[in-house]
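Coordinates from input.txt are shown below (compact mmCIF, C-alpha atoms and all ligand atoms).
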```
# COMPACT_ATOMS: atom_id res chain seq x y z
CA MET A 1 34.93 -17.52 37.27
CA ILE A 2 33.65 -21.08 36.96
CA GLY A 3 30.67 -20.15 39.09
CA LEU A 4 29.84 -17.23 36.79
CA ALA A 5 30.05 -19.48 33.72
CA LEU A 6 27.76 -22.02 35.37
CA ALA A 7 25.26 -19.32 36.26
CA LEU A 8 25.23 -18.00 32.71
CA LEU A 9 24.78 -21.54 31.42
CA LEU A 10 21.85 -22.11 33.76
CA ILE A 11 20.18 -18.95 32.44
CA ALA A 12 21.07 -19.50 28.78
CA LEU A 13 19.95 -23.12 28.52
CA PRO A 14 16.28 -22.57 29.49
CA ALA A 15 16.17 -19.42 27.35
CA ALA A 16 17.51 -21.31 24.31
CA PHE A 17 15.09 -24.15 25.05
CA GLY A 18 12.14 -21.75 25.21
CA LEU A 19 13.24 -19.94 22.06
CA TRP A 20 13.58 -23.24 20.22
CA HIS A 21 10.00 -24.20 21.12
CA LEU A 22 8.67 -20.75 20.24
CA VAL A 23 10.24 -20.84 16.77
CA GLY A 24 9.06 -24.43 16.28
CA GLY A 25 5.51 -23.50 17.29
CA LEU A 26 5.41 -20.48 14.97
CA TRP A 27 6.77 -22.60 12.12
CA ALA A 28 4.13 -25.28 12.75
CA VAL A 29 1.34 -22.64 12.67
CA ARG A 30 2.73 -21.24 9.42
CA CYS A 31 2.92 -24.73 7.85
CA ARG A 32 -0.65 -25.49 8.97
CA GLN A 33 -1.90 -22.21 7.46
CA ALA A 34 -0.03 -22.95 4.22
CA ALA A 35 -1.55 -26.46 4.09
CA GLU A 36 -5.05 -25.03 4.71
CA LEU A 37 -4.57 -22.46 1.97
CA ALA A 38 -3.37 -25.14 -0.43
CA ALA A 39 -6.34 -27.38 0.38
CA ASN A 40 -9.19 -24.85 0.66
CA GLY A 41 -7.94 -21.68 -1.00
CA ARG A 42 -7.89 -18.21 0.47
CA ARG A 43 -10.65 -15.64 0.79
CA MET A 44 -9.85 -12.77 -1.54
CA MET A 45 -11.63 -9.48 -2.08
CA ILE A 46 -12.66 -8.15 -5.48
CA LEU A 47 -10.88 -4.82 -5.72
CA TRP A 48 -12.18 -3.89 -9.14
CA ARG A 49 -14.22 -5.23 -12.04
CA ASP A 50 -14.67 -4.07 -15.59
CA ASP A 51 -16.71 -5.32 -18.56
CA PRO A 52 -14.76 -4.40 -21.69
CA ALA A 53 -17.07 -6.28 -24.11
CA PRO A 54 -20.46 -8.00 -23.90
CA GLY A 55 -19.95 -11.31 -22.08
CA LEU A 56 -16.31 -10.60 -21.15
CA PHE A 57 -15.29 -9.29 -17.76
CA ARG A 58 -12.16 -8.84 -15.69
CA LEU A 59 -11.66 -9.07 -11.95
CA TRP A 60 -8.79 -7.77 -9.83
CA LEU A 61 -8.45 -9.67 -6.53
CA VAL A 62 -6.50 -8.74 -3.39
CA ASP A 63 -5.89 -10.27 0.02
CA TRP A 64 -5.39 -8.66 3.45
CA ARG A 65 -2.07 -10.51 3.76
CA LEU A 66 -0.85 -8.10 1.04
CA PHE A 67 1.57 -10.39 -0.76
CA LEU A 68 -0.02 -13.22 -2.72
CA PRO A 69 1.54 -16.60 -3.54
CA ARG A 70 4.01 -16.30 -6.37
CA PHE A 71 3.23 -18.16 -9.57
CA ALA A 72 4.62 -19.00 -12.97
CA ALA A 73 3.21 -16.94 -15.83
CA GLY A 74 0.52 -18.97 -17.61
CA GLN A 75 -0.80 -20.71 -14.48
CA HIS A 76 -4.44 -20.58 -13.35
CA VAL A 77 -6.36 -20.43 -10.07
CA ILE A 78 -9.55 -22.26 -9.15
CA VAL A 79 -12.36 -20.01 -7.93
CA THR A 80 -15.28 -21.30 -5.86
CA VAL A 81 -18.49 -19.79 -7.21
CA ALA A 82 -21.87 -19.74 -5.43
CA LEU A 83 -24.61 -20.87 -7.83
CA PRO A 84 -28.20 -19.57 -7.82
CA ASP A 85 -29.54 -22.96 -6.60
CA GLY A 86 -27.51 -22.70 -3.37
CA THR A 87 -24.76 -25.11 -4.42
CA SER A 88 -21.28 -24.09 -5.44
CA ALA A 89 -18.93 -24.95 -8.28
CA ARG A 90 -15.18 -24.58 -8.74
CA ARG A 91 -13.81 -23.18 -11.99
CA ALA A 92 -10.30 -22.61 -13.32
CA TYR A 93 -9.34 -19.19 -14.68
CA SER A 94 -5.94 -18.17 -16.03
CA LEU A 95 -4.07 -15.39 -14.26
CA ALA A 96 -3.96 -12.49 -16.71
CA GLY A 97 -0.85 -10.77 -15.43
CA TRP A 98 2.41 -11.54 -13.70
CA SER A 99 4.67 -9.95 -11.11
CA ARG A 100 7.69 -11.27 -9.22
CA PHE A 101 5.94 -10.30 -5.96
CA PRO A 102 2.22 -10.21 -6.78
CA LEU A 103 -0.10 -7.91 -4.81
CA VAL A 104 -3.12 -8.50 -7.03
CA TYR A 105 -4.45 -11.32 -9.20
CA CYS A 106 -6.19 -10.36 -12.43
CA LEU A 107 -8.62 -12.75 -14.10
CA GLY A 108 -10.11 -12.39 -17.57
CA ILE A 109 -13.38 -14.36 -17.86
CA ARG A 110 -15.90 -15.16 -20.59
CA LYS A 111 -19.42 -15.19 -19.17
CA GLY A 112 -20.29 -18.60 -20.65
CA ALA A 113 -22.70 -20.78 -18.70
CA ALA A 114 -23.22 -22.05 -15.13
CA ALA A 115 -20.41 -20.89 -12.80
CA SER A 116 -18.95 -18.20 -15.06
CA ALA A 117 -22.45 -16.81 -15.68
CA ALA A 118 -23.11 -16.77 -11.91
CA LEU A 119 -19.80 -15.01 -11.34
CA HIS A 120 -20.68 -12.51 -14.06
CA ALA A 121 -23.98 -11.77 -12.31
CA ARG A 122 -22.62 -11.50 -8.77
CA ALA A 123 -18.99 -10.43 -8.79
CA ARG A 124 -18.86 -6.86 -7.51
CA PRO A 125 -16.12 -4.77 -5.88
CA LEU A 126 -15.68 -5.62 -2.15
CA ALA A 127 -17.33 -9.05 -2.59
CA ARG A 128 -15.21 -12.02 -1.51
CA LEU A 129 -14.25 -15.16 -3.39
CA THR A 130 -12.41 -18.33 -2.37
CA VAL A 131 -9.40 -18.73 -4.62
CA SER A 132 -6.96 -21.64 -4.78
CA ALA A 133 -3.20 -21.37 -4.95
CA PRO A 134 -1.97 -20.95 -8.56
CA LYS A 135 -1.36 -24.19 -10.44
CA GLY A 136 -1.02 -25.60 -13.96
CA GLN A 137 1.59 -26.58 -16.52
CA PHE A 138 0.81 -24.14 -19.33
CA THR A 139 3.88 -22.00 -18.68
CA ASP A 140 6.69 -20.52 -20.74
CA PRO A 141 8.69 -23.54 -22.00
CA ASP A 142 11.98 -21.65 -22.43
CA LEU A 143 12.39 -17.95 -21.62
CA GLY A 144 15.33 -17.63 -23.98
CA ALA A 145 13.71 -19.29 -27.00
CA PRO A 146 11.61 -17.57 -29.68
CA LEU A 147 7.92 -17.97 -28.95
CA VAL A 148 4.87 -17.91 -31.20
CA LEU A 149 1.64 -17.42 -29.25
CA VAL A 150 -1.81 -18.04 -30.71
CA ALA A 151 -4.73 -16.73 -28.65
CA GLY A 152 -8.41 -17.07 -29.48
CA GLY A 153 -10.73 -14.65 -27.65
CA ILE A 154 -10.31 -14.88 -23.88
CA GLY A 155 -7.36 -17.24 -24.50
CA ILE A 156 -5.20 -14.10 -24.39
CA THR A 157 -5.16 -14.19 -20.55
CA PRO A 158 -2.23 -16.60 -19.92
CA PHE A 159 -0.23 -14.94 -22.69
CA ARG A 160 -0.54 -11.53 -21.10
CA ALA A 161 1.15 -13.05 -18.04
CA ILE A 162 3.84 -14.70 -20.14
CA LEU A 163 4.61 -11.42 -21.90
CA ALA A 164 4.84 -9.63 -18.55
CA GLU A 165 7.31 -12.23 -17.28
CA ARG A 166 9.44 -12.00 -20.42
CA ALA A 167 9.39 -8.18 -20.36
CA GLY A 168 11.18 -8.27 -17.02
CA ARG A 169 14.06 -10.40 -18.35
CA LEU A 170 16.88 -8.92 -20.39
CA ALA A 171 17.76 -12.17 -22.12
CA SER A 172 14.32 -13.40 -23.15
CA GLY A 173 13.69 -14.45 -26.76
CA PRO A 174 11.44 -12.71 -29.29
CA VAL A 175 7.67 -13.25 -29.20
CA ILE A 176 5.07 -13.14 -31.96
CA LEU A 177 1.52 -12.93 -30.61
CA HIS A 178 -1.48 -13.67 -32.82
CA HIS A 179 -4.75 -12.72 -31.13
CA SER A 180 -8.00 -13.51 -32.94
CA ALA A 181 -11.47 -12.59 -31.72
CA ARG A 182 -14.81 -12.24 -33.45
CA GLU A 183 -15.35 -8.57 -32.62
CA PRO A 184 -12.75 -5.80 -32.23
CA ALA A 185 -14.05 -5.14 -28.69
CA GLU A 186 -13.18 -8.74 -27.76
CA LEU A 187 -9.47 -8.14 -28.42
CA LEU A 188 -8.77 -7.59 -24.73
CA TRP A 189 -5.72 -5.53 -23.78
CA LYS A 190 -5.26 -4.51 -27.43
CA ASP A 191 -4.11 -0.98 -26.57
CA ASP A 192 -1.70 -2.22 -23.88
CA LEU A 193 -0.25 -4.85 -26.18
CA THR A 194 0.09 -2.37 -29.06
CA ARG A 195 2.03 -0.01 -26.77
CA HIS A 196 4.15 -2.88 -25.43
CA SER A 197 4.98 -3.94 -28.98
CA ALA A 198 5.86 -0.35 -29.99
CA ARG A 199 8.43 0.04 -27.23
CA ASP A 200 9.83 -3.52 -27.14
CA ALA A 201 11.35 -4.81 -30.38
CA ARG A 202 11.15 -8.35 -29.01
CA LEU A 203 7.33 -8.39 -29.31
CA ARG A 204 5.35 -8.46 -32.57
CA TYR A 205 1.63 -8.22 -31.84
CA ILE A 206 -0.88 -9.19 -34.54
CA PRO A 207 -4.53 -8.66 -33.50
CA ARG A 208 -7.31 -9.74 -35.84
CA ALA A 209 -11.11 -9.41 -35.64
CA THR A 210 -12.42 -12.40 -37.57
CA GLN A 211 -16.07 -11.43 -38.06
CA GLY A 212 -16.45 -11.89 -41.82
CA GLN A 213 -12.66 -12.13 -42.23
CA PRO A 214 -10.45 -15.14 -43.04
CA ARG A 215 -9.14 -16.90 -39.92
CA LEU A 216 -5.50 -17.41 -39.00
CA THR A 217 -3.90 -20.12 -41.15
CA VAL A 218 -1.21 -22.70 -40.52
CA ALA A 219 0.90 -21.04 -43.24
CA GLU A 220 0.83 -17.71 -41.39
CA VAL A 221 1.92 -19.30 -38.11
CA MET A 222 4.51 -21.45 -39.86
CA ALA A 223 6.03 -18.33 -41.49
CA ASP A 224 6.84 -17.04 -37.98
CA ILE A 225 8.55 -20.19 -36.76
CA THR A 226 12.34 -20.55 -36.57
CA PRO A 227 14.13 -23.86 -35.90
CA ASP A 228 14.19 -23.25 -32.13
CA SER A 229 10.71 -21.69 -31.73
CA HIS A 230 8.05 -22.96 -29.37
CA VAL A 231 4.36 -22.52 -30.24
CA MET A 232 1.72 -22.07 -27.54
CA ILE A 233 -2.00 -22.17 -28.36
CA CYS A 234 -4.88 -21.11 -26.12
CA ALA A 235 -7.89 -20.94 -28.42
CA GLY A 236 -11.23 -22.51 -29.21
CA ASP A 237 -11.37 -26.09 -30.40
CA SER A 238 -11.61 -25.63 -34.17
CA LEU A 239 -8.70 -23.14 -34.40
CA THR A 240 -6.62 -25.31 -32.05
CA ARG A 241 -7.39 -28.42 -34.03
CA SER A 242 -6.59 -26.96 -37.44
CA LEU A 243 -3.34 -25.40 -36.21
CA ARG A 244 -2.22 -28.50 -34.31
CA GLU A 245 -2.83 -30.84 -37.22
CA GLY A 246 -1.25 -28.47 -39.74
CA LEU A 247 1.82 -27.62 -37.68
CA LEU A 248 2.60 -31.24 -36.80
CA GLU A 249 2.06 -32.28 -40.40
CA ILE A 250 4.45 -29.62 -41.65
CA GLY A 251 7.09 -30.90 -39.24
CA LEU A 252 6.91 -28.89 -36.01
CA PRO A 253 8.28 -31.27 -33.32
CA ALA A 254 5.51 -32.25 -30.90
CA ASP A 255 7.59 -31.13 -27.90
CA ARG A 256 7.60 -27.56 -29.32
CA LEU A 257 3.82 -27.37 -29.41
CA HIS A 258 2.04 -26.44 -26.16
CA ILE A 259 -1.74 -26.37 -25.92
CA GLU A 260 -3.78 -25.17 -22.95
CA ALA A 261 -5.54 -28.25 -21.67
CA PHE A 262 -8.63 -26.70 -20.16
CA SER A 263 -11.36 -25.53 -22.43
CA LEU A 264 -13.48 -23.51 -20.04
CA GLY A 265 -13.79 -19.88 -21.03
CA LEU A 266 -12.74 -20.49 -24.61
CA GLN A 267 -15.10 -20.01 -27.50
CA PRO A 268 -17.75 -22.78 -27.46
CA GLU A 269 -18.77 -24.49 -30.67
CA ASN A 270 -21.89 -26.26 -31.80
CA LEU A 271 -20.93 -29.88 -32.45
CA GLY A 272 -24.31 -31.10 -33.71
CA ILE A 273 -24.06 -34.39 -31.83
CA SER A 274 -26.31 -36.16 -29.38
CA ILE A 275 -25.42 -37.74 -26.04
CA THR A 276 -27.23 -40.73 -24.57
CA ILE A 277 -27.02 -41.84 -20.96
CA GLY A 278 -29.21 -44.80 -20.09
CA ASP A 279 -32.54 -44.17 -21.84
CA ARG A 280 -32.17 -40.39 -21.91
CA SER A 281 -30.75 -38.45 -24.89
CA PHE A 282 -30.07 -34.77 -25.40
CA ARG A 283 -28.39 -32.50 -27.94
CA PRO A 284 -26.06 -29.98 -26.34
CA GLY A 285 -25.71 -26.49 -27.79
CA PRO A 286 -22.33 -24.79 -28.24
CA VAL A 287 -19.72 -26.32 -25.88
CA GLY A 288 -15.97 -26.39 -25.39
CA SER A 289 -15.71 -29.87 -23.85
CA LEU A 290 -17.68 -33.03 -23.07
CA LEU A 291 -18.03 -31.76 -19.50
CA GLU A 292 -19.78 -28.62 -20.69
CA ALA A 293 -22.04 -30.76 -22.88
CA LEU A 294 -22.97 -32.92 -19.88
CA GLU A 295 -23.63 -29.82 -17.78
CA GLN A 296 -26.08 -28.61 -20.39
CA GLY A 297 -27.87 -31.96 -20.18
CA GLY A 298 -27.91 -31.91 -16.37
CA ALA A 299 -25.79 -35.06 -16.30
CA ALA A 300 -22.34 -33.78 -15.38
CA PRO A 301 -20.03 -35.75 -13.10
CA GLU A 302 -18.35 -34.03 -10.18
CA SER A 303 -15.69 -31.64 -11.42
CA GLU A 304 -13.25 -29.14 -10.07
CA CYS A 305 -10.19 -28.03 -11.99
CA ARG A 306 -11.38 -28.40 -15.61
CA ALA A 307 -7.75 -28.82 -16.50
CA GLY A 308 -7.37 -32.60 -16.40
CA GLU A 309 -5.63 -32.37 -13.04
CA CYS A 310 -8.02 -33.26 -10.22
CA GLY A 311 -9.23 -36.53 -11.81
CA LEU A 312 -12.83 -36.01 -10.67
CA CYS A 313 -14.70 -35.86 -13.95
CA PHE A 314 -14.25 -39.38 -15.32
CA VAL A 315 -17.02 -40.74 -17.55
CA GLU A 316 -17.23 -43.93 -19.58
CA ILE A 317 -17.75 -43.67 -23.36
CA LEU A 318 -19.54 -46.89 -24.35
CA GLU A 319 -20.21 -45.99 -27.98
CA GLY A 320 -18.88 -43.20 -30.17
CA GLN A 321 -15.67 -41.25 -30.11
CA ALA A 322 -14.24 -38.12 -28.55
CA ARG A 323 -10.94 -36.32 -29.01
CA ASP A 324 -8.39 -35.27 -26.42
CA ILE A 325 -8.34 -31.44 -26.51
CA ALA A 326 -4.61 -31.09 -25.86
CA SER A 327 -3.13 -33.90 -27.96
CA GLY A 328 -5.82 -34.19 -30.65
CA ARG A 329 -5.80 -37.98 -30.30
CA PRO A 330 -9.08 -39.92 -30.56
CA VAL A 331 -10.20 -41.36 -27.24
CA SER A 332 -12.96 -43.60 -25.98
CA GLY A 333 -13.58 -45.71 -22.87
CA ARG A 334 -12.86 -44.02 -19.56
CA VAL A 335 -12.03 -40.35 -20.13
CA LEU A 336 -11.83 -37.07 -18.24
CA ALA A 337 -14.85 -35.18 -19.50
CA CYS A 338 -13.17 -31.77 -19.09
CA SER A 339 -10.28 -32.72 -21.35
CA VAL A 340 -12.09 -34.21 -24.34
CA ILE A 341 -14.59 -32.99 -26.91
CA PRO A 342 -17.16 -35.23 -28.63
CA GLU A 343 -16.59 -36.04 -32.29
CA THR A 344 -19.57 -38.31 -32.88
CA ASP A 345 -22.84 -39.12 -31.14
CA LEU A 346 -21.95 -40.64 -27.77
CA ARG A 347 -23.47 -43.26 -25.52
CA LEU A 348 -22.11 -42.90 -21.99
CA GLY A 349 -22.13 -45.15 -18.98
CA ARG A 350 -22.68 -43.69 -15.55
CA SER A 351 -19.87 -41.44 -14.34
CA VAL A 352 -17.33 -43.40 -12.29
S1 LIG B 401 -12.52 -31.42 -13.63
FE1 LIG B 401 -10.59 -31.93 -12.85
S2 LIG B 401 -9.91 -33.48 -14.18
FE2 LIG B 401 -11.77 -32.84 -15.06
```
Render the structure in this file as structure tokens.
Ligand code: FES
Amino acid sequence: MIGLALALLLIALPAAFGLWHLVGGLWAVRCRQAAELAANGRRMMILWRDDPAPGLFRLWLVDWRLFLPRFAAGQHVIVTVALPDGTSARRAYSLAGWSRFPLVYCLGIRKGAAASAALHARARPLARLTVSAPKGQFTDPDLGAPLVLVAGGIGITPFRAILAERAGRLASGPVILHHSAREPAELLWKDDLTRHSARDARLRYIPRATQGQPRLTVAEVMADITPDSHVMICAGDSLTRSLREGLLEIGLPADRLHIEAFSLGLQPENLGISITIGDRSFRPGPVGSLLEALEQGGAAPESECRAGECGLCFVEILEGQARDIASGRPVSGRVLACSVIPETDLRLGRSV
């Protein structure tokens, strides 16, 4: 009996030892792959593309691994885009949909300039893109609380994901969604959102084409707010600024106001200012951030996330003033160019 037990032990011990190392090795490979994906992104294939309005396009991306990394509704990915001059740029785009177990990522993109324009020209079904893991803080602050969403143009994309996440929860709070765009065709997902609103009493959807019409006012947004409401804004600078100032002035607590920090893809505006670096000056056209202005002048610092997260795009404002896009506070000195917008003529030092 003792001999049999010893024999079994002699067989079991090496087997357990081998199994232990096998599992450890597989786990190490998986961790290394996860670290590589986090650092470099994954290669994804464009499954489909459509162009619902001039200058606006949508991409649906898939991966051979089938299941994609899960994400919080409202987050974005960073896409590496090949530029016509042979270099590449990395741009952040919000994920325009949400699923508990995502099989596809949908991006809604405004053509804009530089990388987004290159993507618009080249993104075709079956082409491949390098896409980062989802990231970002612009997510639903409280699933149970009433929510007022204000989207300008392509700023609807994170809100479509937030609505999808809330639709899957029985106990989520009511949502009022204001979506403004210049042209009716730019009200992306209008039919879907109208249907969603018709069958779900928790959603009130208010689309508005602003061409020649009055824009959304602070009073209209304020009329929707209850004492426990949160307000999220993803819109161009002037609408964001007027709503932020008005809502805070009227008494909305600052911790109930959430503003998308990255300006890329939102409606650019002509600021009428000039930028001077050394002995060179230029006047940028319509832009959504100081970084976009510098790109137009061929003087942009290195950049990546466009969301104030990677810390690459620092510049030094020597004279003049800019404004932080998210908080609305005036800033000068060393700033992240992607997160501020010029308010006056600027003199800049070299990027640092
Ligand atoms: S580009 Fe990443 S912080 Fe500005």
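Ranking A:Ile233, A:Ala92, A:Val131, A:Ile109 by their shortest atom-to-atom distance to ligand LIG 401 (chain B), with all atoms listed in the file included, puts A:Ala92 first.
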**Q.** Selected residue of minimal separation from ligand LIG 401 (chain B) among A:Ser289, A:Thr240, A:Ser88, A:Ser327, counting all atoms listed in the file
**A.**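 Comparing A:Ser289, A:Thr240, A:Ser88, A:Ser327 against ligand LIG 401 (chain B), the winner is A:Ser289.
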Within 6 Å of ligand LIG 401 (chain B), counting only C-alpha atoms and all ligand atoms, residues as a JSON list (two decimals) with C-alpha atoms, in the frame of the given file:
```
[["chain", "number", "residue", "atom", "x", "y", "z"],
["A", 303, "SER", "CA", -15.69, -31.64, -11.42],
["A", 304, "GLU", "CA", -13.25, -29.14, -10.07],
["A", 305, "CYS", "CA", -10.19, -28.03, -11.99],
["A", 306, "ARG", "CA", -11.38, -28.40, -15.61],
["A", 307, "ALA", "CA", -7.75, -28.82, -16.50],
["A", 308, "GLY", "CA", -7.37, -32.60, -16.40],
["A", 309, "GLU", "CA", -5.63, -32.37, -13.04],
["A", 310, "CYS", "CA", -8.02, -33.26, -10.22],
["A", 311, "GLY", "CA", -9.23, -36.53, -11.81],
["A", 312, "LEU", "CA", -12.83, -36.01, -10.67],
["A", 313, "CYS", "CA", -14.70, -35.86, -13.95],
["A", 336, "LEU", "CA", -11.83, -37.07, -18.24],
["A", 337, "ALA", "CA", -14.85, -35.18, -19.50],
["A", 338, "CYS", "CA", -13.17, -31.77, -19.09]]
```
Q: Might you pull out every residue within 9 Å of A:Ala171, with all atoms listed in the file counted and same-chain residues fewer than 2 positions away left off, and present them as a ChimeraX atom specification?
A: /A:143-144,166,169,173
Show me, as a Markdown table, the residues of stretch 34-94 of chain A having an atom within 10 Å of stretch 120-129 of chain A, each with the closest atom pair and its distance in Å, using all atoms listed in the file.
```
| residue | atom | partner | partner_atom | distance |
| --- | --- | --- | --- | --- |
| A:Gly41 | CA | A:Leu129 | CA | 9.4 |
| A:Arg42 | CA | A:Leu129 | CA | 8.0 |
| A:Arg43 | CA | A:Leu129 | CA | 5.5 |
| A:Met44 | CA | A:Leu129 | CA | 5.3 |
| A:Met45 | CA | A:Arg128 | CA | 4.4 |
| A:Ile46 | CA | A:Pro125 | CA | 4.9 |
| A:Leu47 | CA | A:Pro125 | CA | 5.2 |
| A:Trp48 | CA | A:Pro125 | CA | 5.2 |
| A:Arg49 | CA | A:Pro125 | CA | 6.5 |
| A:Asp50 | CA | A:Arg124 | CA | 9.5 |
| A:Asp51 | CA | A:His120 | CA | 9.4 |
| A:Gly55 | CA | A:His120 | CA | 8.1 |
| A:Leu56 | CA | A:His120 | CA | 8.5 |
| A:Phe57 | CA | A:His120 | CA | 7.3 |
| A:Arg58 | CA | A:His120 | CA | 9.4 |
| A:Leu59 | CA | A:Ala123 | CA | 8.1 |
| A:Trp60 | CA | A:Pro125 | CA | 8.9 |
| A:Leu61 | CA | A:Leu129 | CA | 8.6 |
| A:Val62 | CA | A:Arg128 | CA | 9.5 |
| A:Asp63 | CA | A:Arg128 | CA | 9.6 |
| A:Val79 | CA | A:Leu129 | CA | 6.9 |
| A:Thr80 | CA | A:Leu129 | CA | 6.7 |
| A:Val81 | CA | A:Leu129 | CA | 7.3 |
| A:Ala82 | CA | A:Arg122 | CA | 8.9 |
| A:Leu83 | CA | A:Arg122 | CA | 9.6 |
| A:Pro84 | CA | A:Arg122 | CA | 9.9 |
```
(Q) Neighbouring residues of A:Ser99 were defined as those with any atom within 10 Å, considering all atoms listed in the file; residues of the same chain fewer than 2 positions away were excluded. Please report them as a ChimeraX atom specification. (A) /A:70-73,97,101-105,161,164-165,168
Q.
Taking 2 positions as the minimum chain separation for residues in the same chain, which residues sit within 12 Å of A:Asp228 when counting only C-alpha atoms? Answer as a PyMOL selection string.
A. chain A and resi 141-148+173-174+224-226+230-231+252-253+255-257
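Across the model, the gap from atom CA of A:His196 to atom CA of A:Gly236 is 25.2 Å.
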Coordinates of box centre and edge lengths for stretch 109-113 of chain A, 8 Å on every side, axis-aligned, as AutoDock Vina command-line options:
```
--center_x -18.0 --center_y -17.6 --center_z -19.3 --size_x 25.3 --size_y 22.4 --size_z 18.8
```
Q | Distance criterion (all atoms listed in the file): nearest to A:Thr130 out of A:Leu66, A:Ile156, A:Val77, A:Ala235 | A |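 The closest residue to A:Thr130 is A:Val77.
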Q. Atom CA of A:Ile325 and atom CA of A:Ser339, how far apart in Å?
A.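 Computing it gives 5.7 Å between the two atoms.
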Q: Give me, please, the distance in Å between atom CA of A:Ser132 and atom CA of A:Ile78, quoted to one decimal.
A: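 Computing the Euclidean distance for atom CA of A:Ser132 and atom CA of A:Ile78 yields 5.1 Å.
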(Q) Quick one: residues within 12 Å of A:Ile317, all atoms listed in the file, excluding same-chain residues fewer than 5 positions away - as a count of residues only? (A) 28
(Q) Using all atoms listed in the file, can you tell me which of A:Val150, A:Leu193, A:Leu239, A:Ala201 comes closest to A:Pro214? (A)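 Answer, going by the shortest atom-to-atom distance: A:Leu239.
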If we count all atoms listed in the file and set the cut-off at 12 Å, which residues sit around A:Ala223, ignoring sequence neighbours fewer than 4 positions away in its own chain? Please answer as a PDB file with C-alpha atoms, keeping the file's coordinate frame.
```pdb
ATOM      1  CA  VAL A 148       4.870 -17.910 -31.200  1.00  0.00           C
ATOM      2  CA  ILE A 176       5.070 -13.140 -31.960  1.00  0.00           C
ATOM      3  CA  LEU A 216      -5.500 -17.410 -39.000  1.00  0.00           C
ATOM      4  CA  THR A 217      -3.900 -20.120 -41.150  1.00  0.00           C
ATOM      5  CA  VAL A 218      -1.210 -22.700 -40.520  1.00  0.00           C
ATOM      6  CA  ALA A 219       0.900 -21.040 -43.240  1.00  0.00           C
ATOM      7  CA  PRO A 227      14.130 -23.860 -35.900  1.00  0.00           C
ATOM      8  CA  SER A 229      10.710 -21.690 -31.730  1.00  0.00           C
ATOM      9  CA  LEU A 247       1.820 -27.620 -37.680  1.00  0.00           C
ATOM     10  CA  ILE A 250       4.450 -29.620 -41.650  1.00  0.00           C
ATOM     11  CA  LEU A 252       6.910 -28.890 -36.010  1.00  0.00           C
TER      12      LEU A 252
END
```
(Q) I need the residue nearest A:Leu95 from this list: A:Glu183, A:Thr139, A:Ala151, A:Gly18. Use all atoms listed in the file for the distance. (A) A:Thr139
Q: Give the answer as one residue: which of A:Ala16, A:Ala209, A:Val175, A:Leu68 has the shortest atom-to-atom distance to A:Lys190, using all atoms listed in the file?
A: A:Ala209
Q | Selection as a PyMOL selection string: residues within 12 Å of (-22.8, -27.8, -25.9), counting all atoms listed in the file | A | chain A and resi 112-113+264+267-275+282-298+341-342
Those same residues, written as a PDB file, in the coordinates of the input with C-alpha atoms?
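Result written to out_39.pdb:
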```
ATOM      1  CA  GLY A 112     -20.290 -18.600 -20.650  1.00  0.00           C
ATOM      2  CA  ALA A 113     -22.700 -20.780 -18.700  1.00  0.00           C
ATOM      3  CA  LEU A 264     -13.480 -23.510 -20.040  1.00  0.00           C
ATOM      4  CA  GLN A 267     -15.100 -20.010 -27.500  1.00  0.00           C
ATOM      5  CA  PRO A 268     -17.750 -22.780 -27.460  1.00  0.00           C
ATOM      6  CA  GLU A 269     -18.770 -24.490 -30.670  1.00  0.00           C
ATOM      7  CA  ASN A 270     -21.890 -26.260 -31.800  1.00  0.00           C
ATOM      8  CA  LEU A 271     -20.930 -29.880 -32.450  1.00  0.00           C
ATOM      9  CA  GLY A 272     -24.310 -31.100 -33.710  1.00  0.00           C
ATOM     10  CA  ILE A 273     -24.060 -34.390 -31.830  1.00  0.00           C
ATOM     11  CA  SER A 274     -26.310 -36.160 -29.380  1.00  0.00           C
ATOM     12  CA  ILE A 275     -25.420 -37.740 -26.040  1.00  0.00           C
ATOM     13  CA  PHE A 282     -30.070 -34.770 -25.400  1.00  0.00           C
ATOM     14  CA  ARG A 283     -28.390 -32.500 -27.940  1.00  0.00           C
ATOM     15  CA  PRO A 284     -26.060 -29.980 -26.340  1.00  0.00           C
ATOM     16  CA  GLY A 285     -25.710 -26.490 -27.790  1.00  0.00           C
ATOM     17  CA  PRO A 286     -22.330 -24.790 -28.240  1.00  0.00           C
ATOM     18  CA  VAL A 287     -19.720 -26.320 -25.880  1.00  0.00           C
ATOM     19  CA  GLY A 288     -15.970 -26.390 -25.390  1.00  0.00           C
ATOM     20  CA  SER A 289     -15.710 -29.870 -23.850  1.00  0.00           C
ATOM     21  CA  LEU A 290     -17.680 -33.030 -23.070  1.00  0.00           C
ATOM     22  CA  LEU A 291     -18.030 -31.760 -19.500  1.00  0.00           C
ATOM     23  CA  GLU A 292     -19.780 -28.620 -20.690  1.00  0.00           C
ATOM     24  CA  ALA A 293     -22.040 -30.760 -22.880  1.00  0.00           C
ATOM     25  CA  LEU A 294     -22.970 -32.920 -19.880  1.00  0.00           C
ATOM     26  CA  GLU A 295     -23.630 -29.820 -17.780  1.00  0.00           C
ATOM     27  CA  GLN A 296     -26.080 -28.610 -20.390  1.00  0.00           C
ATOM     28  CA  GLY A 297     -27.870 -31.960 -20.180  1.00  0.00           C
ATOM     29  CA  GLY A 298     -27.910 -31.910 -16.370  1.00  0.00           C
ATOM     30  CA  ILE A 341     -14.590 -32.990 -26.910  1.00  0.00           C
ATOM     31  CA  PRO A 342     -17.160 -35.230 -28.630  1.00  0.00           C
TER      32      PRO A 342
END
```
